[in-house]
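Participant: Input coords18.tsv, format and content: TSV, C-alpha atoms.
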chain	number	residue	atom	x	y	z
A	1439	MET	CA	-86.15	121.45	-0.86
A	1440	THR	CA	-86.17	118.75	-3.53
A	1441	HIS	CA	-86.02	119.30	-7.29
A	1442	VAL	CA	-86.64	116.62	-9.91
A	1443	THR	CA	-85.56	117.45	-13.45
A	1444	PRO	CA	-86.35	115.15	-16.41
A	1445	LEU	CA	-83.76	114.74	-19.18
A	1446	ALA	CA	-83.45	112.88	-22.50
A	1447	ASN	CA	-87.18	112.65	-23.28
A	1448	ASN	CA	-87.92	111.69	-19.66
A	1449	ARG	CA	-85.65	108.64	-19.86
A	1450	ARG	CA	-83.45	110.15	-17.12
A	1451	LEU	CA	-84.10	112.05	-13.90
A	1452	VAL	CA	-81.82	114.44	-12.04
A	1453	ILE	CA	-82.74	114.59	-8.35
A	1454	ASP	CA	-81.46	117.38	-6.07
A	1455	HIS	CA	-82.41	116.57	-2.47
A	1456	HIS	CA	-80.97	118.54	0.46
A	1457	GLY	CA	-77.80	119.36	-1.44
A	1458	ARG	CA	-77.26	115.85	-2.83
A	1459	THR	CA	-77.59	115.53	-6.58
A	1460	ARG	CA	-77.71	112.34	-8.61
A	1461	GLU	CA	-78.86	111.34	-12.06
A	1462	PHE	CA	-80.81	108.12	-12.64
A	1463	ALA	CA	-81.92	106.23	-15.74
A	1464	ALA	CA	-85.65	105.50	-15.92
A	1465	LEU	CA	-84.92	101.84	-16.68
A	1466	TRP	CA	-82.70	101.55	-13.60
A	1467	LEU	CA	-85.43	103.03	-11.41
A	1468	ARG	CA	-88.10	100.81	-12.94
A	1469	GLU	CA	-86.28	97.53	-12.38
A	1470	ARG	CA	-85.56	98.51	-8.75
A	1471	CYS	CA	-89.02	99.66	-7.76
A	1472	PRO	CA	-89.36	98.65	-4.07
A	1473	ASP	CA	-92.81	97.06	-4.36
A	1474	ALA	CA	-94.06	93.49	-4.14
A	1475	GLU	CA	-94.80	93.35	-7.87
A	1476	THR	CA	-91.18	94.10	-8.79
A	1477	LEU	CA	-89.08	92.79	-5.89
A	1478	ASP	CA	-89.71	89.88	-3.57
A	1479	PRO	CA	-90.45	91.46	-0.15
A	1480	ARG	CA	-88.39	88.85	1.71
A	1481	THR	CA	-85.30	88.34	-0.45
A	1482	GLY	CA	-85.26	91.48	-2.62
A	1483	GLN	CA	-84.93	89.30	-5.70
A	1484	ARG	CA	-86.41	90.74	-8.87
A	1485	LEU	CA	-89.74	89.27	-9.93
A	1486	ILE	CA	-89.97	90.91	-13.35
A	1487	GLU	CA	-87.75	90.11	-16.33
A	1488	ALA	CA	-85.71	93.31	-16.64
A	1489	ALA	CA	-84.50	92.47	-20.13
A	1490	GLU	CA	-88.11	92.58	-21.37
A	1491	LEU	CA	-88.66	96.19	-20.29
A	1492	PRO	CA	-88.78	98.53	-23.29
A	1493	LEU	CA	-85.47	100.27	-23.92
A	1494	THR	CA	-87.44	103.48	-24.54
A	1495	LEU	CA	-89.10	103.32	-21.10
A	1496	ALA	CA	-89.61	106.81	-19.64
A	1497	VAL	CA	-90.93	108.51	-16.51
A	1498	GLU	CA	-94.32	110.06	-17.27
A	1499	SER	CA	-94.71	111.86	-13.94
A	1500	ALA	CA	-92.62	112.49	-10.83
A	1501	GLU	CA	-93.78	113.89	-7.49
A	1502	VAL	CA	-92.01	114.34	-4.17
A	1503	ARG	CA	-94.16	114.05	-1.07
A	1504	ASP	CA	-93.35	113.21	2.58
A	1505	GLY	CA	-89.73	112.27	1.81
A	1506	ALA	CA	-90.74	109.90	-0.99
A	1507	LEU	CA	-90.33	110.05	-4.76
A	1508	ARG	CA	-93.49	108.88	-6.53
A	1509	LEU	CA	-93.06	107.90	-10.16
A	1510	ARG	CA	-95.33	106.75	-12.96
A	1511	PHE	CA	-93.55	104.95	-15.79
A	1512	SER	CA	-94.50	104.68	-19.42
A	1513	ASP	CA	-95.31	100.98	-19.00
A	1514	GLY	CA	-98.05	101.97	-16.56
A	1515	HIS	CA	-96.21	100.96	-13.38
A	1516	HIS	CA	-96.16	103.20	-10.28
A	1517	GLY	CA	-93.13	103.25	-7.98
A	1518	VAL	CA	-92.46	104.89	-4.61
A	1519	PHE	CA	-88.86	105.40	-3.42
A	1520	ASP	CA	-87.54	106.64	-0.10
A	1521	LEU	CA	-85.38	109.56	-1.19
A	1522	ASP	CA	-82.70	109.22	1.48
A	1523	ALA	CA	-82.25	105.52	0.74
A	1524	LEU	CA	-82.21	106.15	-3.02
A	1525	LEU	CA	-79.60	108.90	-2.85
A	1526	ASN	CA	-77.37	107.39	-0.18
A	1527	ASP	CA	-77.07	103.95	-1.82
A	1528	ALA	CA	-74.39	103.15	0.80
A	1529	PRO	CA	-72.26	99.98	0.48
A	1530	SER	CA	-73.21	97.16	2.82
A	1531	ASP	CA	-69.71	96.81	4.27
A	1532	PRO	CA	-67.74	99.37	6.32
A	1533	PRO	CA	-64.32	100.48	5.02
A	1534	GLN	CA	-61.22	98.46	5.79
A	1535	ARG	CA	-58.32	99.87	7.81
A	1536	LEU	CA	-54.95	99.38	6.14
A	1537	TRP	CA	-51.85	99.20	8.31
A	1538	ASP	CA	-48.08	98.96	8.36
A	1539	ALA	CA	-45.85	97.61	11.12
A	1540	ALA	CA	-45.87	100.89	13.04
A	1541	SER	CA	-49.65	101.28	12.95
A	1542	ALA	CA	-50.58	97.59	13.12
A	1543	PRO	CA	-53.61	96.92	15.32
A	1544	ARG	CA	-53.98	93.93	17.60
A	1545	PRO	CA	-57.63	92.88	17.25
A	1546	GLU	CA	-58.49	90.24	19.83
A	1547	ALA	CA	-61.48	88.05	20.62
A	1548	ASP	CA	-62.40	85.52	23.29
A	1549	PHE	CA	-63.33	82.08	21.99
A	1550	ALA	CA	-66.01	81.23	24.57
A	1551	ALA	CA	-67.66	84.64	24.24
A	1552	ALA	CA	-67.75	84.43	20.45
A	1553	VAL	CA	-69.27	80.96	20.62
A	1554	GLU	CA	-71.97	81.95	23.10
A	1555	ASP	CA	-72.74	85.61	22.37
A	1556	ASP	CA	-73.81	87.19	19.07
A	1557	ALA	CA	-72.43	90.59	20.03
A	1558	ALA	CA	-68.98	89.13	20.72
A	1559	LEU	CA	-69.09	87.16	17.48
A	1560	LEU	CA	-70.06	90.29	15.55
A	1561	GLY	CA	-67.17	92.19	17.15
A	1562	MET	CA	-64.77	89.45	16.08
A	1563	LEU	CA	-66.08	89.40	12.50
A	1564	GLU	CA	-66.07	93.19	12.19
A	1565	ALA	CA	-62.44	93.27	13.35
A	1566	LEU	CA	-61.55	90.53	10.87
A	1567	HIS	CA	-63.12	92.51	8.03
A	1568	ARG	CA	-61.61	95.84	9.14
A	1569	ASP	CA	-58.04	94.74	9.92
A	1570	GLY	CA	-57.68	91.52	7.94
A	1571	PHE	CA	-56.92	89.36	10.97
A	1572	VAL	CA	-57.98	88.68	14.54
A	1573	LEU	CA	-56.26	86.84	17.39
A	1574	VAL	CA	-58.62	84.54	19.30
A	1575	SER	CA	-57.72	83.38	22.83
A	1576	GLY	CA	-59.09	80.57	24.96
A	1577	VAL	CA	-59.43	78.01	22.16
A	1578	PRO	CA	-59.51	74.44	23.55
A	1579	THR	CA	-56.13	72.80	22.93
A	1580	GLU	CA	-57.53	69.73	21.24
A	1581	GLU	CA	-57.40	68.72	17.60
A	1582	HIS	CA	-60.82	70.07	16.63
A	1583	GLY	CA	-60.92	72.82	19.24
A	1584	MET	CA	-61.75	75.51	16.66
A	1585	GLN	CA	-64.79	73.65	15.27
A	1586	PRO	CA	-67.50	75.13	17.57
A	1587	LEU	CA	-66.59	78.64	16.43
A	1588	ILE	CA	-66.49	77.59	12.78
A	1589	ASP	CA	-69.98	76.15	13.24
A	1590	ARG	CA	-71.19	79.60	14.30
A	1591	ILE	CA	-70.09	81.08	10.97
A	1592	GLY	CA	-70.25	78.60	8.15
A	1593	PRO	CA	-69.06	75.24	6.89
A	1594	LEU	CA	-65.44	74.21	7.13
A	1595	ARG	CA	-63.88	74.20	3.68
A	1596	ARG	CA	-62.63	70.72	2.82
A	1597	THR	CA	-59.68	70.27	0.49
A	1598	ASN	CA	-57.59	67.35	-0.75
A	1599	TRP	CA	-55.88	67.56	2.66
A	1600	GLY	CA	-59.15	67.05	4.51
A	1601	GLY	CA	-60.80	69.53	6.86
A	1602	ILE	CA	-58.71	70.73	9.81
A	1603	ALA	CA	-55.15	69.66	9.04
A	1604	ASP	CA	-51.90	69.47	11.00
A	1605	VAL	CA	-49.15	72.06	10.55
A	1606	LYS	CA	-46.06	70.44	12.03
A	1607	SER	CA	-42.79	68.97	10.90
A	1608	VAL	CA	-43.21	65.42	9.60
A	1609	ALA	CA	-41.08	62.96	7.69
A	1610	ASP	CA	-41.69	62.78	3.93
A	1611	ALA	CA	-43.65	66.05	4.00
A	1612	TYR	CA	-46.14	66.59	1.17
A	1613	ASP	CA	-46.01	70.38	1.58
A	1614	LEU	CA	-43.35	72.83	2.75
A	1615	THR	CA	-45.57	73.89	5.67
A	1616	MET	CA	-44.81	70.44	7.15
A	1617	THR	CA	-41.07	71.12	7.32
A	1618	GLN	CA	-38.96	73.18	9.74
A	1619	ARG	CA	-37.89	75.73	7.13
A	1620	GLY	CA	-38.99	79.32	7.23
A	1621	LEU	CA	-41.78	80.36	4.90
A	1622	GLU	CA	-41.68	83.57	2.88
A	1623	PRO	CA	-44.78	85.79	2.97
A	1624	HIS	CA	-47.46	84.24	0.81
A	1625	THR	CA	-51.18	83.77	0.32
A	1626	ASP	CA	-52.56	80.26	0.49
A	1627	ASN	CA	-53.75	78.11	-2.39
A	1628	PRO	CA	-53.95	80.52	-5.35
A	1629	TYR	CA	-54.25	77.39	-7.49
A	1630	ARG	CA	-57.74	76.61	-6.14
A	1631	ASP	CA	-61.11	77.77	-7.46
A	1632	PRO	CA	-62.37	79.37	-5.37
A	1633	ILE	CA	-59.33	80.38	-3.37
A	1634	PRO	CA	-59.98	79.82	0.37
A	1635	GLY	CA	-61.19	83.06	1.92
A	1636	TYR	CA	-60.04	82.86	5.54
A	1637	ILE	CA	-57.25	80.85	7.18
A	1638	TRP	CA	-57.80	79.61	10.74
A	1639	LEU	CA	-54.47	78.73	12.42
A	1640	HIS	CA	-54.86	77.17	15.89
A	1641	CYS	CA	-51.92	76.60	18.21
A	1642	LEU	CA	-51.86	73.43	20.31
A	1643	THR	CA	-48.20	73.61	21.36
A	1644	ASN	CA	-45.42	76.00	20.35
A	1645	ALA	CA	-42.33	75.29	22.44
A	1646	ALA	CA	-39.93	75.05	19.50
A	1647	ASP	CA	-37.15	77.57	19.07
A	1648	GLY	CA	-38.32	79.97	16.35
A	1649	GLY	CA	-41.46	79.46	14.33
A	1650	ASP	CA	-42.74	83.00	14.81
A	1651	SER	CA	-45.55	84.06	12.52
A	1652	THR	CA	-45.31	87.11	10.25
A	1653	LEU	CA	-48.13	89.13	8.72
A	1654	ALA	CA	-48.13	91.88	6.08
A	1655	ASP	CA	-51.12	93.85	4.81
A	1656	GLY	CA	-51.17	93.18	1.08
A	1657	PHE	CA	-53.55	96.05	0.40
A	1658	MET	CA	-51.17	98.45	2.11
A	1659	ALA	CA	-48.32	97.00	0.06
A	1660	ALA	CA	-50.38	97.59	-3.10
A	1661	ARG	CA	-51.10	101.17	-2.04
A	1662	LEU	CA	-47.42	101.90	-1.39
A	1663	LEU	CA	-46.39	100.29	-4.67
A	1664	ARG	CA	-48.92	102.42	-6.55
A	1665	GLU	CA	-47.53	105.57	-4.90
A	1666	ARG	CA	-43.83	104.72	-5.25
A	1667	ASP	CA	-43.70	102.76	-8.49
A	1668	PRO	CA	-46.88	103.17	-10.55
A	1669	VAL	CA	-45.38	101.35	-13.53
A	1670	ALA	CA	-44.72	98.27	-11.40
A	1671	TYR	CA	-48.19	98.52	-9.87
A	1672	ASP	CA	-49.82	98.68	-13.29
A	1673	CYS	CA	-47.82	95.65	-14.44
A	1674	LEU	CA	-48.88	93.51	-11.47
A	1675	THR	CA	-52.55	94.34	-12.07
A	1676	ARG	CA	-52.35	93.28	-15.75
A	1677	VAL	CA	-50.00	90.29	-16.02
A	1678	THR	CA	-51.67	87.02	-15.08
A	1679	PRO	CA	-49.33	84.26	-13.88
A	1680	GLY	CA	-50.53	80.73	-13.29
A	1681	PHE	CA	-50.29	78.76	-10.05
A	1682	ARG	CA	-50.04	74.98	-9.73
A	1683	TYR	CA	-50.05	72.31	-7.03
A	1684	ARG	CA	-49.46	68.67	-7.90
A	1685	ASP	CA	-48.81	65.48	-5.97
A	1686	ASP	CA	-49.59	61.79	-6.49
A	1687	THR	CA	-53.36	62.26	-6.11
A	1688	THR	CA	-54.01	65.94	-6.82
A	1689	HIS	CA	-53.42	68.34	-9.71
A	1690	LEU	CA	-54.71	71.89	-9.17
A	1691	GLU	CA	-54.21	74.92	-11.42
A	1692	GLY	CA	-55.38	78.52	-11.24
A	1693	GLU	CA	-54.38	81.94	-12.48
A	1694	GLY	CA	-54.73	85.58	-11.60
A	1695	PRO	CA	-52.76	88.82	-11.19
A	1696	LEU	CA	-50.69	89.43	-8.08
A	1697	ILE	CA	-52.85	92.53	-7.47
A	1698	GLU	CA	-56.47	92.07	-8.54
A	1699	LEU	CA	-58.69	95.15	-8.86
A	1700	ASP	CA	-62.43	95.58	-8.37
A	1701	SER	CA	-64.81	97.49	-10.65
A	1702	GLN	CA	-63.71	100.76	-9.01
A	1703	GLY	CA	-60.03	100.11	-9.72
A	1704	GLU	CA	-59.14	99.31	-6.09
A	1705	PRO	CA	-57.28	96.19	-4.88
A	1706	VAL	CA	-59.71	93.43	-3.96
A	1707	ARG	CA	-57.31	90.48	-3.76
A	1708	VAL	CA	-53.57	89.85	-3.67
A	1709	ARG	CA	-51.85	86.65	-4.68
A	1710	TYR	CA	-48.28	85.73	-3.86
A	1711	SER	CA	-46.98	82.18	-3.81
A	1712	ASN	CA	-43.37	81.78	-4.87
A	1713	ARG	CA	-43.60	78.02	-4.40
A	1714	THR	CA	-46.47	77.51	-6.83
A	1715	GLU	CA	-46.24	80.42	-9.31
A	1716	ARG	CA	-45.84	79.53	-12.98
A	1717	VAL	CA	-45.23	82.63	-15.11
A	1718	PRO	CA	-46.10	82.06	-18.79
A	1719	ALA	CA	-43.37	82.44	-21.43
A	1720	LEU	CA	-44.23	86.04	-22.26
A	1721	PRO	CA	-42.16	88.12	-24.68
A	1722	PRO	CA	-38.79	88.92	-23.04
A	1723	GLU	CA	-39.50	92.63	-22.56
A	1724	GLU	CA	-42.80	91.83	-20.81
A	1725	LEU	CA	-41.10	89.28	-18.58
A	1726	GLU	CA	-38.38	91.77	-17.65
A	1727	ALA	CA	-41.02	94.31	-16.63
A	1728	TYR	CA	-42.97	91.69	-14.65
A	1729	TYR	CA	-39.90	90.40	-12.83
A	1730	ALA	CA	-38.90	93.94	-11.85
A	1731	ALA	CA	-42.43	94.68	-10.63
A	1732	ARG	CA	-42.60	91.43	-8.68
A	1733	THR	CA	-39.28	92.23	-7.02
A	1734	ALA	CA	-40.56	95.66	-5.97
A	1735	PHE	CA	-43.67	94.07	-4.46
A	1736	TYR	CA	-41.61	91.35	-2.75
A	1737	ARG	CA	-39.37	93.93	-1.09
A	1738	LEU	CA	-42.42	95.63	0.34
A	1739	ILE	CA	-44.09	92.50	1.74
A	1740	THR	CA	-40.84	91.21	3.26
A	1741	GLY	CA	-39.52	94.52	4.58
A	1742	GLU	CA	-39.74	95.57	8.21
A	1743	GLU	CA	-41.88	98.56	7.22
A	1744	LEU	CA	-44.88	96.27	6.72
A	1745	THR	CA	-44.02	93.12	8.69
A	1746	LEU	CA	-45.83	92.33	11.93
A	1747	HIS	CA	-44.20	89.63	14.08
A	1748	LEU	CA	-46.06	87.49	16.59
A	1749	LYS	CA	-45.83	84.06	18.18
A	1750	LEU	CA	-48.93	82.07	18.99
A	1751	ASP	CA	-49.28	80.56	22.45
A	1752	PRO	CA	-51.15	77.31	23.11
A	1753	GLY	CA	-54.88	78.03	23.02
A	1754	GLN	CA	-54.52	80.99	20.66
A	1755	MET	CA	-55.80	81.08	17.10
A	1756	LEU	CA	-55.03	83.46	14.27
A	1757	ILE	CA	-57.77	84.05	11.70
A	1758	MET	CA	-56.48	85.75	8.52
A	1759	ASP	CA	-58.03	87.19	5.38
A	1760	ASN	CA	-56.37	85.16	2.63
A	1761	TYR	CA	-57.39	87.70	-0.03
A	1762	ARG	CA	-55.59	90.51	1.78
A	1763	LEU	CA	-52.88	89.35	4.19
A	1764	LEU	CA	-49.60	87.67	3.39
A	1765	HIS	CA	-48.36	85.37	6.11
A	1766	GLY	CA	-45.13	83.51	6.75
A	1767	ARG	CA	-42.99	82.14	9.55
A	1768	SER	CA	-39.42	81.94	10.70
A	1769	ALA	CA	-37.57	78.63	10.69
A	1770	PHE	CA	-37.76	76.58	13.87
A	1771	GLN	CA	-35.73	73.92	15.66
A	1772	LEU	CA	-37.46	70.99	17.31
A	1773	ALA	CA	-34.64	70.71	19.88
A	1774	GLY	CA	-36.42	73.46	21.78
A	1775	GLY	CA	-39.73	71.57	22.00
A	1776	VAL	CA	-42.78	70.61	19.98
A	1777	ARG	CA	-44.53	72.94	17.54
A	1778	HIS	CA	-48.00	71.69	16.60
A	1779	LEU	CA	-50.61	73.90	14.94
A	1780	ARG	CA	-53.87	73.00	13.21
A	1781	GLN	CA	-55.22	74.82	10.18
A	1782	GLY	CA	-58.60	75.09	8.52
A	1783	TYR	CA	-60.31	77.25	5.91
A	1784	VAL	CA	-63.66	79.02	5.93
A	1785	ASP	CA	-64.94	80.67	2.76
A	1786	ARG	CA	-65.69	84.36	2.30
A	1787	ASP	CA	-69.36	84.12	1.40
A	1788	SER	CA	-70.50	82.43	4.62
A	1789	THR	CA	-68.23	84.69	6.72
A	1790	ALA	CA	-69.50	87.90	5.12
A	1791	SER	CA	-73.11	86.72	5.30
A	1792	ARG	CA	-72.87	85.96	9.02
A	1793	ARG	CA	-71.29	89.35	9.72
A	1794	ARG	CA	-73.96	91.26	7.76
A	1795	ILE	CA	-76.84	89.36	9.36
A	1796	LEU	CA	-75.47	89.94	12.86
A	1797	ARG	CA	-74.95	93.64	12.11
A	1798	HIS	CA	-78.49	93.95	10.78
A	1799	GLN	CA	-79.89	92.22	13.86
A	1800	ALA	CA	-77.89	94.55	16.11
A	1801	THR	CA	-79.10	97.70	14.33
A	1802	PRO	CA	-82.06	99.31	16.15
A	1803	ALA	CA	-85.28	99.42	14.13
A	1804	PRO	CA	-86.28	102.95	13.02
A	1805	THR	CA	-88.78	104.72	15.23
A	1806	ALA	CA	-92.16	105.87	13.99
A	1807	GLY	CA	-91.82	108.64	11.41
A	1808	GLU	CA	-88.26	107.66	10.39
A	1809	PRO	CA	-87.53	106.07	7.03
A	1810	ALA	CA	-86.90	102.33	7.22
Taking this structure as input, can you express it in the form of C-alpha cells?

Facilitator:
Amino acid sequence: MTHVTPLANNRRLVIDHHGRTREFAALWLRERCPDAETLDPRTGQRLIEAAELPLTLAVESAEVRDGALRLRFSDGHHGVFDLDALLNDAPSDPPQRLWDAASAPRPEADFAAAVEDDAALLGMLEALHRDGFVLVSGVPTEEHGMQPLIDRIGPLRRTNWGGIADVKSVADAYDLTMTQRGLEPHTDNPYRDPIPGYIWLHCLTNAADGGDSTLADGFMAARLLRERDPVAYDCLTRVTPGFRYRDDTTHLEGEGPLIELDSQGEPVRVRYSNRTERVPALPPEELEAYYAARTAFYRLITGEELTLHLKLDPGQMLIMDNYRLLHGRSAFQLAGGVRHLRQGYVDRDSTASRRRILRHQATPAPTAGEPA
C-alpha cells in the first residue's frame, strides 16, 4: 500500500511506500522529472532552467498507479516517477572496505586479462575502489609496460616530471624518491591541483637489499583517531596546512586538511606529506593542538597495527588510491642488486567513469514488467 500526503500548501509530499517513508519538496521533484522535456534522455542533463521555476511551485494532484507516482505541478507540467527508484535513490558506488594489518586483503589482477577482457578489468577496478589498492601481475618488464592497461581506463596524467617516470636511486636526485633512503608513509603531490588520484607503481627489477613497500589505510586511521582521540580528529579536519614543491623549473603550492570530510561528515581524502607540508604561523595554542593531533595521526599510520608490508617482484604493479592510502618504503642498499621501478598517475574521474560504465554494461537489463 502506498500513501501520499501533501504538506505545506502542497509544496511538499510525504510518500509511504511498502514501509519506506520519505518527504520531498515539490521543486525538487519538478526539476528531476524523468521526461524528455525536463531531462535529456541520453545524458540526464537538465533541459529546463531550474532557477526560473517559481519558488511557490506546488503539486496540484498526485496519484499512484502501477508502481508509478503521477504528479501534476502548478506550472502545468506532468511528471511520472518510478516509486522504487525515487525512494531508493541509492549511491552509484558500492561501499569501501576499510582494513588494518590483521584484516588487510590482497586484491590481485592479471595484466593480460584486464587488458583483453572487460569483466577482468571491472573486477580490478572494483577491488581498487573497495580496498584502495590492487596488485597486478604479468606486467611486461619494459619501460612503458603499464601503458596498455592505462589506455583501457583513461589518459596518463602528465606532470612536470613527464608521464611514466623512473623511481630509482640517481646522482643529484631532484626528489627523495630517487634516493636510497626510506620514505615515511605519505600521500603523493598534495601541492598539485588536482591531486593525482591513483598511483601506478611498476616493478622492472627489485634485487636490492630492502626497499619493501608499506601501505596503510588512511580512512581506517581516521576512523580509529575519531574513536580514540576525537579532539585530535576534529583538529585535523579543520586546520588547513599548505604544501609546496619547488625546484629550478617548477613551483607548486596547494592546501587542505590532513583529513578532508565529505558533505556527510565522512573522510573523503587524507593528506600527509612531511617533506612538503608548510603549516601556517597560527596562534601558539592552535599550533600546539595541531602538532599534538598530527603526532597522534602519525603514530597510527606508522604503527604495525595498520601497516601492510610487501615487496614487488619484477612484472608486478601496485595501483594505489592516493586519496585514501598512505605508502612508504624501507631504505635499500644497491650492493644487493638493482632496484628500478616506474611510476605513473591516472586521475580519479576517468577511473571512476570506466568502472561505472563497465558495471552498468555488466548489469542485466530488467525483464518485462520490472522497473528499469

Participant: Have a look at A:Thr1675, A:Asn1598, A:Ser1711, A:Thr1579 and name the one nearest to A:Thr1625; count all atoms listed in the file.

Facilitator: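 Result for the nearest residue to A:Thr1625: A:Ser1711.
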
Participant: Please return, as a PDB file with C-alpha atoms, in the frame of the given file, all polymer residues that have at least one atom within 9 Å of the point (-86.2, 92.9, -4.3); use only C-alpha atoms and the file's own coordinate frame.

Facilitator:
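part_19.pdb, freshly written:
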ATOM      1  CA  ARG A1470     -85.560  98.510  -8.750  1.00  0.00           C
ATOM      2  CA  CYS A1471     -89.020  99.660  -7.760  1.00  0.00           C
ATOM      3  CA  PRO A1472     -89.360  98.650  -4.070  1.00  0.00           C
ATOM      4  CA  ASP A1473     -92.810  97.060  -4.360  1.00  0.00           C
ATOM      5  CA  ALA A1474     -94.060  93.490  -4.140  1.00  0.00           C
ATOM      6  CA  THR A1476     -91.180  94.100  -8.790  1.00  0.00           C
ATOM      7  CA  LEU A1477     -89.080  92.790  -5.890  1.00  0.00           C
ATOM      8  CA  ASP A1478     -89.710  89.880  -3.570  1.00  0.00           C
ATOM      9  CA  PRO A1479     -90.450  91.460  -0.150  1.00  0.00           C
ATOM     10  CA  ARG A1480     -88.390  88.850   1.710  1.00  0.00           C
ATOM     11  CA  THR A1481     -85.300  88.340  -0.450  1.00  0.00           C
ATOM     12  CA  GLY A1482     -85.260  91.480  -2.620  1.00  0.00           C
ATOM     13  CA  GLN A1483     -84.930  89.300  -5.700  1.00  0.00           C
ATOM     14  CA  ARG A1484     -86.410  90.740  -8.870  1.00  0.00           C
ATOM     15  CA  LEU A1485     -89.740  89.270  -9.930  1.00  0.00           C
TER      16      LEU A1485
END

Participant: Could you please determine the separation between atom CA of A:Gly1680 and atom CA of A:Glu1724 in Å, to one decimal place?

Facilitator: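 That distance, rounded to one decimal, is 15.5 Å.
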
Participant: Between atom CA of A:Arg1676 and atom CA of A:Ala1727, what is the spacing in Å?

Facilitator: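 Distance between the two atoms: 11.4 Å.
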
Participant: So, counting all atoms listed in the file, which residue among A:Leu1750, A:Leu1699, A:Ala1464, A:Ala1558 is closest to A:Leu1495?

Facilitator: A:Ala1464

Participant: Find the distance between atom CA of A:Asp1556 and atom CA of A:Tyr1636 and write it in Å to one decimal.

Facilitator: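 Interatomic distance, atom CA of A:Asp1556 to atom CA of A:Tyr1636: 19.8 Å.
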
Participant: Which polymer residues have any atom within 12 Å of an atom of A:Leu1493, counting all atoms listed in the file, with same-chain residues fewer than 2 positions away left out, as a list in words?

Facilitator: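 So, after excluding close chain neighbours, the residues are Arg1449, Ala1463, Ala1464, Leu1465, Trp1466, Arg1468, Glu1469, Ala1488, Ala1489, Glu1490, Leu1491, Leu1495, Ala1496, Ser1512 and Asp1513 of chain A.
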
Participant: Selection from above, C-alpha atoms, as a PDB file, in the frame of the given file, can you write it?

Facilitator:
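The result, written out as selection_35.pdb:
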ATOM      1  CA  ARG A1449     -85.650 108.640 -19.860  1.00  0.00           C
ATOM      2  CA  ALA A1463     -81.920 106.230 -15.740  1.00  0.00           C
ATOM      3  CA  ALA A1464     -85.650 105.500 -15.920  1.00  0.00           C
ATOM      4  CA  LEU A1465     -84.920 101.840 -16.680  1.00  0.00           C
ATOM      5  CA  TRP A1466     -82.700 101.550 -13.600  1.00  0.00           C
ATOM      6  CA  ARG A1468     -88.100 100.810 -12.940  1.00  0.00           C
ATOM      7  CA  GLU A1469     -86.280  97.530 -12.380  1.00  0.00           C
ATOM      8  CA  ALA A1488     -85.710  93.310 -16.640  1.00  0.00           C
ATOM      9  CA  ALA A1489     -84.500  92.470 -20.130  1.00  0.00           C
ATOM     10  CA  GLU A1490     -88.110  92.580 -21.370  1.00  0.00           C
ATOM     11  CA  LEU A1491     -88.660  96.190 -20.290  1.00  0.00           C
ATOM     12  CA  LEU A1495     -89.100 103.320 -21.100  1.00  0.00           C
ATOM     13  CA  ALA A1496     -89.610 106.810 -19.640  1.00  0.00           C
ATOM     14  CA  SER A1512     -94.500 104.680 -19.420  1.00  0.00           C
ATOM     15  CA  ASP A1513     -95.310 100.980 -19.000  1.00  0.00           C
TER      16      ASP A1513
END

Participant: Please identify all polymer residues within 12 Å of A:Glu1580, counting all atoms listed in the file, omitting same-chain residues fewer than 6 positions from it, and present them as a list in words.

Facilitator: Pro1586, Ile1602, Asp1604, His1640, Cys1641, Leu1642, Thr1643, Pro1752, Gly1753, Gln1754, His1778, Leu1779 and Arg1780 of chain A

Participant: Considering only C-alpha atoms, return as a PyMOL selection string whatever protein or nucleic-acid residues lie within 7 Å of A:Val1677, sequence-local ones (same chain, fewer than 3 positions apart) excluded.

Facilitator: chain A and resi 1673-1674+1695

Participant: Got a sec to check which residues sit within 9 Å of (-56.9, 79.2, -8.3), counting all atoms listed in the file, and write them as number ranges by chain?

Facilitator: A: 1627-1633, 1680-1682, 1690-1694

Participant: Taking all atoms listed in the file into account, name the residue in A:Glu1704, A:Asp1787, A:Asp1655, A:Asp1672 that is nearest to A:Leu1536.

Facilitator: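 Under the stated criterion, the closest residue is A:Asp1655.
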
Participant: Could you write out as JSON the box around stretch 1729-1739 of chain A (axis-aligned, all atoms listed in the file, 8 Å on each side), with centre and edge lengths in Å to one decimal?

Facilitator:
{"center_x": -41.5, "center_y": 93.0, "center_z": -5.5, "size_x": 21.2, "size_y": 21.3, "size_z": 30.6}

Participant: Contacts between stretch 1733-1736 of chain A and stretch 1630-1686 of chain A, please, where a residue of stretch 1630-1686 of chain A counts if it comes within 8 Å (with all atoms listed in the file); show its shortest atom pair and distance in Å to one decimal, rows by chain and ascending number, as a tab-separated table.

Facilitator:
residue	atom	partner	partner_atom	distance
A:Ala1659	CA	A:Phe1735	CA	7.1
A:Ala1660	CA	A:Phe1735	CA	7.7
A:Leu1663	CA	A:Phe1735	CA	6.8
A:Ala1670	CA	A:Ala1734	CA	7.3

Participant: Could you check the closest approach to A:Leu1594 for each of A:Tyr1683, A:Phe1657, A:Trp1638, A:Tyr1671 and tell me which residue wins, using all atoms listed in the file?

Facilitator: A:Trp1638

Participant: A:Arg1503, A:Ala1550, A:Ser1788, A:Val1452: which is nearest A:Asp1520, counting only C-alpha atoms?

Facilitator: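 Going through A:Arg1503, A:Ala1550, A:Ser1788, A:Val1452 one by one, the smallest distance to A:Asp1520 is for A:Arg1503.
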
Participant: Of the candidates A:Gly1514, A:Glu1461, A:Leu1573, A:Glu1698, which one gets nearest to A:Pro1492 if we count all atoms listed in the file?

Facilitator: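 Answer, going by the shortest atom-to-atom distance: A:Gly1514.
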